[in-house]
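Take a look at the structure set out below.
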Amino acid sequence: MTQGWFDEDAGPVVRPYAMTRGRTRVAGGERLDLIALVTALIGGGQELPPDATLPGGQGLAPEHGEILYRCRRVSESVAELATGLDLPVGVVRVLISDLLEAGLVRVSHPIPAAQLPDENILREVIDGLRAL
Amino acid sequence: MVSGPSDIATAAPDPLALKILVAGGFGVGKTTLVGSVSEIRSLQTEERLTEAGRPVDDTTGVAAKRTTTVAMDFGRITISDALVLYLFGTPGQERFWFLWDELAQGAIGAVVLADTRRLADSFAAIDFFESRGLPFAVGVNCFEGADRYPPEAVRAALDLDPDIPVVLCDARVRSSAREALVAVVEHALRRSAAARSAMT
């Protein structure tokens, strides 16, 4: 007999891509790397600008606010934000690019794949790991 | 309210993000290793795939299957204000291998975890990193109850090049997991130095 699904078992109430209004890709922009770091361009103690809107005129979704809140003191990577918000990476990429377009965050990209990190940086990583 | 300068995340320059992959067969200790060195609770990130016709996603017998959810272990080590190291446990199942390509891009290197009771499970990961020229070290996870073998025996059994580091480790122990990561970065550093001297 099928018991049916109740509460959390039924899955999220809102399907993930509804938050992005069906958008699965970032308009025009390149795909954000999993370790691209996002920094909110609002002060640490500051609340969200209440009248902040996205370039399309839409207001911010709660998930946009959560991204800003998480990145206000320490930069977080795309992968961290996806785990923190418990959303698929694809959804988070769209939300971040909304914020980027609205000028509410800054994104720093990792070193291009073709370019290996500098030897001094590798030494710094070794020292840092040893100090753990 | 006016916030002080220390309050504003934008005051400092953006840190640089680097990554190391943790690969190996199913149940070899990838999640444990990431968890024992990460400063954030080892969370799992999901990539939901919607592109149809991924050649490696064998959906035979799964009628109209459109999406697949993949969980990856993921950890963070803040080295300094200017440097953040991320760890990604690669998904083990072969059908998710196209994800490895994205993960491997720009990585410093990889730890391939091996279990001496089933060394063959680590062949696929070793082949992958060898073929892409990504520096890797083999971490032999010493499970309780498994026979211990010297690193040289493991090296011979895996047919590894002499320069590939092989370290015995216990993925549950922070200092031991850390040494496996150090071995990868040192190997990457030696390779980089060798490449530089070959050019001059």
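Following the order of the structure tokens, first chain is A, next is B, and so on, with residues numbered from 1 inside each chain and ligands from 1 in the order they appear.
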Check every residue of chain A for an atom within 9 Å of chain B, counting only C-alpha atoms, and provide those that qualify as a PDB file with N, CA and C atoms, in the first residue's frame.
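Result went into out-v9.pdb, see below:
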```
ATOM      1  N   ASP A  33      32.079  29.924 -11.199  1.00  0.00           N
ATOM      2  CA  ASP A  33      32.789  28.756 -10.705  1.00  0.00           C
ATOM      3  C   ASP A  33      32.269  28.375  -9.318  1.00  0.00           C
ATOM      4  N   LEU A  34      32.384  27.092  -8.977  1.00  0.00           N
ATOM      5  CA  LEU A  34      31.944  26.638  -7.647  1.00  0.00           C
ATOM      6  C   LEU A  34      32.697  27.345  -6.525  1.00  0.00           C
ATOM      7  N   ILE A  35      33.954  27.747  -6.794  1.00  0.00           N
ATOM      8  CA  ILE A  35      34.697  28.423  -5.732  1.00  0.00           C
ATOM      9  C   ILE A  35      34.849  29.927  -5.992  1.00  0.00           C
ATOM     10  N   ALA A  36      34.044  30.482  -6.889  1.00  0.00           N
ATOM     11  CA  ALA A  36      34.019  31.942  -7.015  1.00  0.00           C
ATOM     12  C   ALA A  36      33.505  32.495  -5.682  1.00  0.00           C
ATOM     13  N   LEU A  37      34.160  33.523  -5.174  1.00  0.00           N
ATOM     14  CA  LEU A  37      33.795  34.048  -3.854  1.00  0.00           C
ATOM     15  C   LEU A  37      32.875  35.251  -3.974  1.00  0.00           C
ATOM     16  N   VAL A  38      31.822  35.229  -3.183  1.00  0.00           N
ATOM     17  CA  VAL A  38      30.816  36.289  -3.222  1.00  0.00           C
ATOM     18  C   VAL A  38      30.948  37.132  -1.953  1.00  0.00           C
ATOM     19  N   THR A  39      30.986  38.440  -2.124  1.00  0.00           N
ATOM     20  CA  THR A  39      31.052  39.364  -0.994  1.00  0.00           C
ATOM     21  C   THR A  39      29.902  40.360  -1.123  1.00  0.00           C
ATOM     22  N   ALA A  40      29.133  40.520  -0.042  1.00  0.00           N
ATOM     23  CA  ALA A  40      28.021  41.476  -0.083  1.00  0.00           C
ATOM     24  C   ALA A  40      28.568  42.890   0.000  1.00  0.00           C
ATOM     25  N   LEU A  41      28.002  43.771  -0.793  1.00  0.00           N
ATOM     26  CA  LEU A  41      28.437  45.168  -0.763  1.00  0.00           C
ATOM     27  C   LEU A  41      27.560  45.983   0.176  1.00  0.00           C
ATOM     28  N   ILE A  42      27.289  45.396   1.348  1.00  0.00           N
ATOM     29  CA  ILE A  42      26.577  46.127   2.394  1.00  0.00           C
ATOM     30  C   ILE A  42      27.374  45.954   3.665  1.00  0.00           C
ATOM     31  N   GLY A  43      27.261  46.870   4.570  1.00  0.00           N
ATOM     32  CA  GLY A  43      28.031  46.803   5.808  1.00  0.00           C
ATOM     33  C   GLY A  43      27.592  45.628   6.670  1.00  0.00           C
ATOM     34  N   GLY A  44      28.510  45.200   7.562  1.00  0.00           N
ATOM     35  CA  GLY A  44      28.253  44.040   8.401  1.00  0.00           C
ATOM     36  C   GLY A  44      27.029  44.188   9.283  1.00  0.00           C
ATOM     37  N   GLY A  45      26.842  45.346   9.870  1.00  0.00           N
ATOM     38  CA  GLY A  45      25.730  45.504  10.797  1.00  0.00           C
ATOM     39  C   GLY A  45      24.464  45.976  10.097  1.00  0.00           C
ATOM     40  N   GLN A  46      24.624  46.225   8.816  1.00  0.00           N
ATOM     41  CA  GLN A  46      23.543  46.889   8.098  1.00  0.00           C
ATOM     42  C   GLN A  46      22.463  45.928   7.638  1.00  0.00           C
ATOM     43  N   CYS A  71      27.083  36.602   3.224  1.00  0.00           N
ATOM     44  CA  CYS A  71      28.347  37.092   2.666  1.00  0.00           C
ATOM     45  C   CYS A  71      28.718  38.466   3.177  1.00  0.00           C
ATOM     46  N   ARG A  72      28.078  38.906   4.272  1.00  0.00           N
ATOM     47  CA  ARG A  72      28.308  40.307   4.660  1.00  0.00           C
ATOM     48  C   ARG A  72      29.622  40.500   5.404  1.00  0.00           C
ATOM     49  N   ARG A  73      30.092  39.461   6.091  1.00  0.00           N
ATOM     50  CA  ARG A  73      31.351  39.616   6.830  1.00  0.00           C
ATOM     51  C   ARG A  73      32.478  38.836   6.184  1.00  0.00           C
ATOM     52  N   VAL A  74      32.176  37.612   5.794  1.00  0.00           N
ATOM     53  CA  VAL A  74      33.177  36.727   5.217  1.00  0.00           C
ATOM     54  C   VAL A  74      32.689  36.338   3.825  1.00  0.00           C
ATOM     55  N   SER A  75      33.586  36.371   2.866  1.00  0.00           N
ATOM     56  CA  SER A  75      33.194  35.964   1.521  1.00  0.00           C
ATOM     57  C   SER A  75      32.875  34.470   1.526  1.00  0.00           C
ATOM     58  N   SER A  77      31.890  31.021  -0.991  1.00  0.00           N
ATOM     59  CA  SER A  77      31.928  30.523  -2.360  1.00  0.00           C
ATOM     60  C   SER A  77      30.530  30.111  -2.814  1.00  0.00           C
ATOM     61  N   ALA A  79      29.670  27.272  -3.925  1.00  0.00           N
ATOM     62  CA  ALA A  79      29.351  25.957  -3.364  1.00  0.00           C
ATOM     63  C   ALA A  79      28.871  26.071  -1.913  1.00  0.00           C
ATOM     64  N   GLU A  80      29.531  26.947  -1.135  1.00  0.00           N
ATOM     65  CA  GLU A  80      29.107  27.137   0.258  1.00  0.00           C
ATOM     66  C   GLU A  80      27.694  27.701   0.340  1.00  0.00           C
ATOM     67  N   ALA A  82      25.333  27.372  -1.850  1.00  0.00           N
ATOM     68  CA  ALA A  82      24.364  26.354  -2.255  1.00  0.00           C
ATOM     69  C   ALA A  82      24.073  25.405  -1.094  1.00  0.00           C
ATOM     70  N   THR A  83      25.130  25.022  -0.355  1.00  0.00           N
ATOM     71  CA  THR A  83      24.889  24.124   0.780  1.00  0.00           C
ATOM     72  C   THR A  83      24.180  24.881   1.896  1.00  0.00           C
ATOM     73  N   GLY A  84      24.586  26.130   2.117  1.00  0.00           N
ATOM     74  CA  GLY A  84      23.994  26.917   3.193  1.00  0.00           C
ATOM     75  C   GLY A  84      22.514  27.185   2.977  1.00  0.00           C
ATOM     76  N   ASP A  86      20.703  25.348   1.016  1.00  0.00           N
ATOM     77  CA  ASP A  86      20.107  24.061   0.660  1.00  0.00           C
ATOM     78  C   ASP A  86      19.362  24.161  -0.673  1.00  0.00           C
ATOM     79  N   LEU A  87      20.069  24.724  -1.638  1.00  0.00           N
ATOM     80  CA  LEU A  87      19.486  24.867  -2.973  1.00  0.00           C
ATOM     81  C   LEU A  87      20.460  24.299  -4.002  1.00  0.00           C
ATOM     82  N   PRO A  88      19.950  23.845  -5.137  1.00  0.00           N
ATOM     83  CA  PRO A  88      20.870  23.378  -6.181  1.00  0.00           C
ATOM     84  C   PRO A  88      21.810  24.497  -6.633  1.00  0.00           C
ATOM     85  N   VAL A  89      23.019  24.113  -7.001  1.00  0.00           N
ATOM     86  CA  VAL A  89      24.018  25.087  -7.417  1.00  0.00           C
ATOM     87  C   VAL A  89      23.492  25.955  -8.573  1.00  0.00           C
ATOM     88  N   GLY A  90      22.766  25.331  -9.481  1.00  0.00           N
ATOM     89  CA  GLY A  90      22.248  26.079 -10.639  1.00  0.00           C
ATOM     90  C   GLY A  90      21.341  27.232 -10.220  1.00  0.00           C
ATOM     91  N   ARG A 106      29.880  41.574  -4.862  1.00  0.00           N
ATOM     92  CA  ARG A 106      31.063  41.523  -5.710  1.00  0.00           C
ATOM     93  C   ARG A 106      31.441  40.047  -5.801  1.00  0.00           C
ATOM     94  N   VAL A 107      31.901  39.615  -6.955  1.00  0.00           N
ATOM     95  CA  VAL A 107      32.302  38.216  -7.105  1.00  0.00           C
ATOM     96  C   VAL A 107      33.753  38.183  -7.545  1.00  0.00           C
ATOM     97  N   SER A 108      34.586  37.405  -6.820  1.00  0.00           N
ATOM     98  CA  SER A 108      35.964  37.282  -7.275  1.00  0.00           C
ATOM     99  C   SER A 108      36.169  35.882  -7.818  1.00  0.00           C
ATOM    100  N   HIS A 109      36.694  35.833  -9.015  1.00  0.00           N
ATOM    101  CA  HIS A 109      36.845  34.560  -9.710  1.00  0.00           C
ATOM    102  C   HIS A 109      38.169  33.916  -9.321  1.00  0.00           C
ATOM    103  N   PRO A 110      38.186  32.575  -9.285  1.00  0.00           N
ATOM    104  CA  PRO A 110      39.463  31.911  -8.977  1.00  0.00           C
ATOM    105  C   PRO A 110      40.455  32.062 -10.128  1.00  0.00           C
ATOM    106  N   ILE A 111      41.680  31.655  -9.876  1.00  0.00           N
ATOM    107  CA  ILE A 111      42.724  31.712 -10.904  1.00  0.00           C
ATOM    108  C   ILE A 111      42.266  30.890 -12.101  1.00  0.00           C
ATOM    109  N   PRO A 112      42.426  31.396 -13.323  1.00  0.00           N
ATOM    110  CA  PRO A 112      42.027  30.594 -14.483  1.00  0.00           C
ATOM    111  C   PRO A 112      42.731  29.236 -14.476  1.00  0.00           C
ATOM    112  N   ALA A 113      42.017  28.221 -14.953  1.00  0.00           N
ATOM    113  CA  ALA A 113      42.511  26.845 -14.872  1.00  0.00           C
ATOM    114  C   ALA A 113      43.872  26.665 -15.541  1.00  0.00           C
ATOM    115  N   ALA A 114      44.095  27.404 -16.618  1.00  0.00           N
ATOM    116  CA  ALA A 114      45.323  27.219 -17.377  1.00  0.00           C
ATOM    117  C   ALA A 114      46.546  27.718 -16.607  1.00  0.00           C
ATOM    118  N   GLN A 115      46.295  28.526 -15.609  1.00  0.00           N
ATOM    119  CA  GLN A 115      47.372  29.209 -14.909  1.00  0.00           C
ATOM    120  C   GLN A 115      47.517  28.600 -13.519  1.00  0.00           C
ATOM    121  N   LEU A 116      48.613  27.931 -13.285  1.00  0.00           N
ATOM    122  CA  LEU A 116      48.784  27.297 -11.978  1.00  0.00           C
ATOM    123  C   LEU A 116      49.048  28.352 -10.916  1.00  0.00           C
ATOM    124  N   PRO A 117      48.600  28.067  -9.670  1.00  0.00           N
ATOM    125  CA  PRO A 117      48.906  29.039  -8.629  1.00  0.00           C
ATOM    126  C   PRO A 117      50.425  29.186  -8.459  1.00  0.00           C
ATOM    127  N   ASP A 118      50.806  30.350  -8.142  1.00  0.00           N
ATOM    128  CA  ASP A 118      52.193  30.735  -7.976  1.00  0.00           C
ATOM    129  C   ASP A 118      52.824  29.915  -6.837  1.00  0.00           C
ATOM    130  N   GLU A 119      54.114  29.650  -6.964  1.00  0.00           N
ATOM    131  CA  GLU A 119      54.779  28.781  -5.987  1.00  0.00           C
ATOM    132  C   GLU A 119      54.736  29.355  -4.573  1.00  0.00           C
ATOM    133  N   ILE A 121      52.320  30.992  -3.307  1.00  0.00           N
ATOM    134  CA  ILE A 121      50.986  30.706  -2.765  1.00  0.00           C
ATOM    135  C   ILE A 121      50.922  29.257  -2.298  1.00  0.00           C
ATOM    136  N   LEU A 122      51.514  28.340  -3.082  1.00  0.00           N
ATOM    137  CA  LEU A 122      51.522  26.932  -2.664  1.00  0.00           C
ATOM    138  C   LEU A 122      52.255  26.767  -1.335  1.00  0.00           C
ATOM    139  N   ARG A 123      53.363  27.492  -1.177  1.00  0.00           N
ATOM    140  CA  ARG A 123      54.101  27.413   0.098  1.00  0.00           C
ATOM    141  C   ARG A 123      53.249  27.932   1.247  1.00  0.00           C
ATOM    142  N   GLU A 124      52.500  28.986   0.944  1.00  0.00           N
ATOM    143  CA  GLU A 124      51.630  29.555   1.978  1.00  0.00           C
ATOM    144  C   GLU A 124      50.549  28.538   2.383  1.00  0.00           C
ATOM    145  N   VAL A 125      50.038  27.796   1.384  1.00  0.00           N
ATOM    146  CA  VAL A 125      49.025  26.776   1.675  1.00  0.00           C
ATOM    147  C   VAL A 125      49.625  25.680   2.564  1.00  0.00           C
ATOM    148  N   ILE A 126      50.855  25.252   2.235  1.00  0.00           N
ATOM    149  CA  ILE A 126      51.510  24.201   3.025  1.00  0.00           C
ATOM    150  C   ILE A 126      51.692  24.674   4.471  1.00  0.00           C
ATOM    151  N   ASP A 127      52.208  25.892   4.632  1.00  0.00           N
ATOM    152  CA  ASP A 127      52.412  26.431   5.986  1.00  0.00           C
ATOM    153  C   ASP A 127      51.083  26.535   6.734  1.00  0.00           C
ATOM    154  N   GLY A 128      50.065  26.985   6.008  1.00  0.00           N
ATOM    155  CA  GLY A 128      48.755  27.144   6.631  1.00  0.00           C
ATOM    156  C   GLY A 128      48.185  25.808   7.075  1.00  0.00           C
ATOM    157  N   LEU A 129      48.343  24.785   6.247  1.00  0.00           N
ATOM    158  CA  LEU A 129      47.837  23.453   6.614  1.00  0.00           C
ATOM    159  C   LEU A 129      48.593  22.916   7.826  1.00  0.00           C
ATOM    160  N   ARG A 130      49.919  23.118   7.824  1.00  0.00           N
ATOM    161  CA  ARG A 130      50.728  22.610   8.935  1.00  0.00           C
ATOM    162  C   ARG A 130      50.337  23.293  10.248  1.00  0.00           C
ATOM    163  N   ALA A 131      49.880  24.544  10.145  1.00  0.00           N
ATOM    164  CA  ALA A 131      49.536  25.304  11.352  1.00  0.00           C
ATOM    165  C   ALA A 131      48.149  24.938  11.874  1.00  0.00           C
ATOM    166  N   LEU A 132      47.416  24.134  11.158  1.00  0.00           N
ATOM    167  CA  LEU A 132      46.050  23.780  11.580  1.00  0.00           C
ATOM    168  C   LEU A 132      46.044  23.085  12.936  1.00  0.00           C
TER     169      LEU A 132
END
```
So that I can check the surroundings of Leu60 in chain A, please list as a PyMOL selection string every protein, DNA and RNA residue that reaches within 12 Å of it, counting only C-alpha atoms and ignoring chain neighbours fewer than 3 positions away. chain A and resi 19-20+48-57+63-68+95-96+98-99+102+104
Emit the selected residues as a short mmCIF file (atom, residue, chain, number, x, y, z; two decimals), in the first residue's frame, including C-alpha atoms.
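Output below, filename selection_20.cif:
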```cif
data_model
loop_
_atom_site.label_atom_id
_atom_site.label_comp_id
_atom_site.auth_asym_id
_atom_site.auth_seq_id
_atom_site.Cartn_x
_atom_site.Cartn_y
_atom_site.Cartn_z
CA MET A 19 12.73 31.03 -7.18
CA THR A 20 14.56 32.04 -10.30
CA LEU A 48 19.20 44.97 3.53
CA PRO A 49 18.31 48.13 1.66
CA PRO A 50 14.50 47.85 1.95
CA ASP A 51 13.85 49.23 -1.48
CA ALA A 52 16.46 47.15 -3.26
CA THR A 53 15.20 45.84 -6.56
CA LEU A 54 16.63 43.68 -9.28
CA PRO A 55 17.34 45.21 -12.67
CA GLY A 56 14.04 43.81 -14.00
CA GLY A 57 12.15 45.82 -11.38
CA GLU A 63 16.86 33.79 -0.85
CA HIS A 64 18.59 36.88 -2.27
CA GLY A 65 18.51 38.35 1.22
CA GLU A 66 19.93 35.19 2.70
CA ILE A 67 22.86 35.27 0.28
CA LEU A 68 23.59 38.90 1.22
CA LEU A 95 20.38 34.29 -7.70
CA ILE A 96 23.97 35.50 -7.34
CA ASP A 98 20.82 38.84 -10.04
CA LEU A 99 22.60 40.40 -7.07
CA ALA A 102 21.91 44.90 -9.03
CA LEU A 104 24.67 44.32 -4.29
#
```
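Running DSSP on the backbone and keeping only helix (DSSP H, G or I), the residues of range 67-124 of chain B that qualify are Glu94, Arg95, Phe96, Trp97, Phe98, Leu99, Trp100, Asp101, Glu102, Leu103, Ala104, Thr116, Arg117, Arg118, Leu119, Ala120, Asp121, Ser122, Phe123 and Ala124 of chain B.
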Excluding His187 in chain B and residues on its chain fewer than 4 positions from it, collect all residues at most 9 Å away from it, counting only C-alpha atoms, and give them as a count of residues only. 11
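Across the model, the gap from CA of Ile20 in chain B to CA of Ala198 in chain B is 25.3 Å.
Nearest-residue note for Ala180 in chain B: choosing from B:Ala153, B:Ala82, B:Ala120, B:Ala114, the minimum distance belongs to B:Ala114, counting only C-alpha atoms.
Using only C-alpha atoms, the nearest neighbour of Arg118 in chain B within the list B:Pro91, B:Glu144, B:Gly24, B:Thr200 is B:Gly24.
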Have a look at CA of Asp147 in chain B and CA of Val173 in chain B and let me know their distance in Å, one decimal. 18.8 Å
Spatial neighbours of Val22 in chain B, 6 Å, only C-alpha atoms, chain gap at least 2 places, as a list in words: Phe88, Gly89, Ala110 and Val111 of chain B
Need the shell around Ser122 in chain B: protein/DNA/RNA residues with any atom at most 12 Å away, counting only C-alpha atoms. Skip same-chain ones fewer than 3 positions apart. Format as an NGL selection string? :B and (22-30 or 92 or 111-119 or 125-129 or 137-141 or 154 or 157-160)
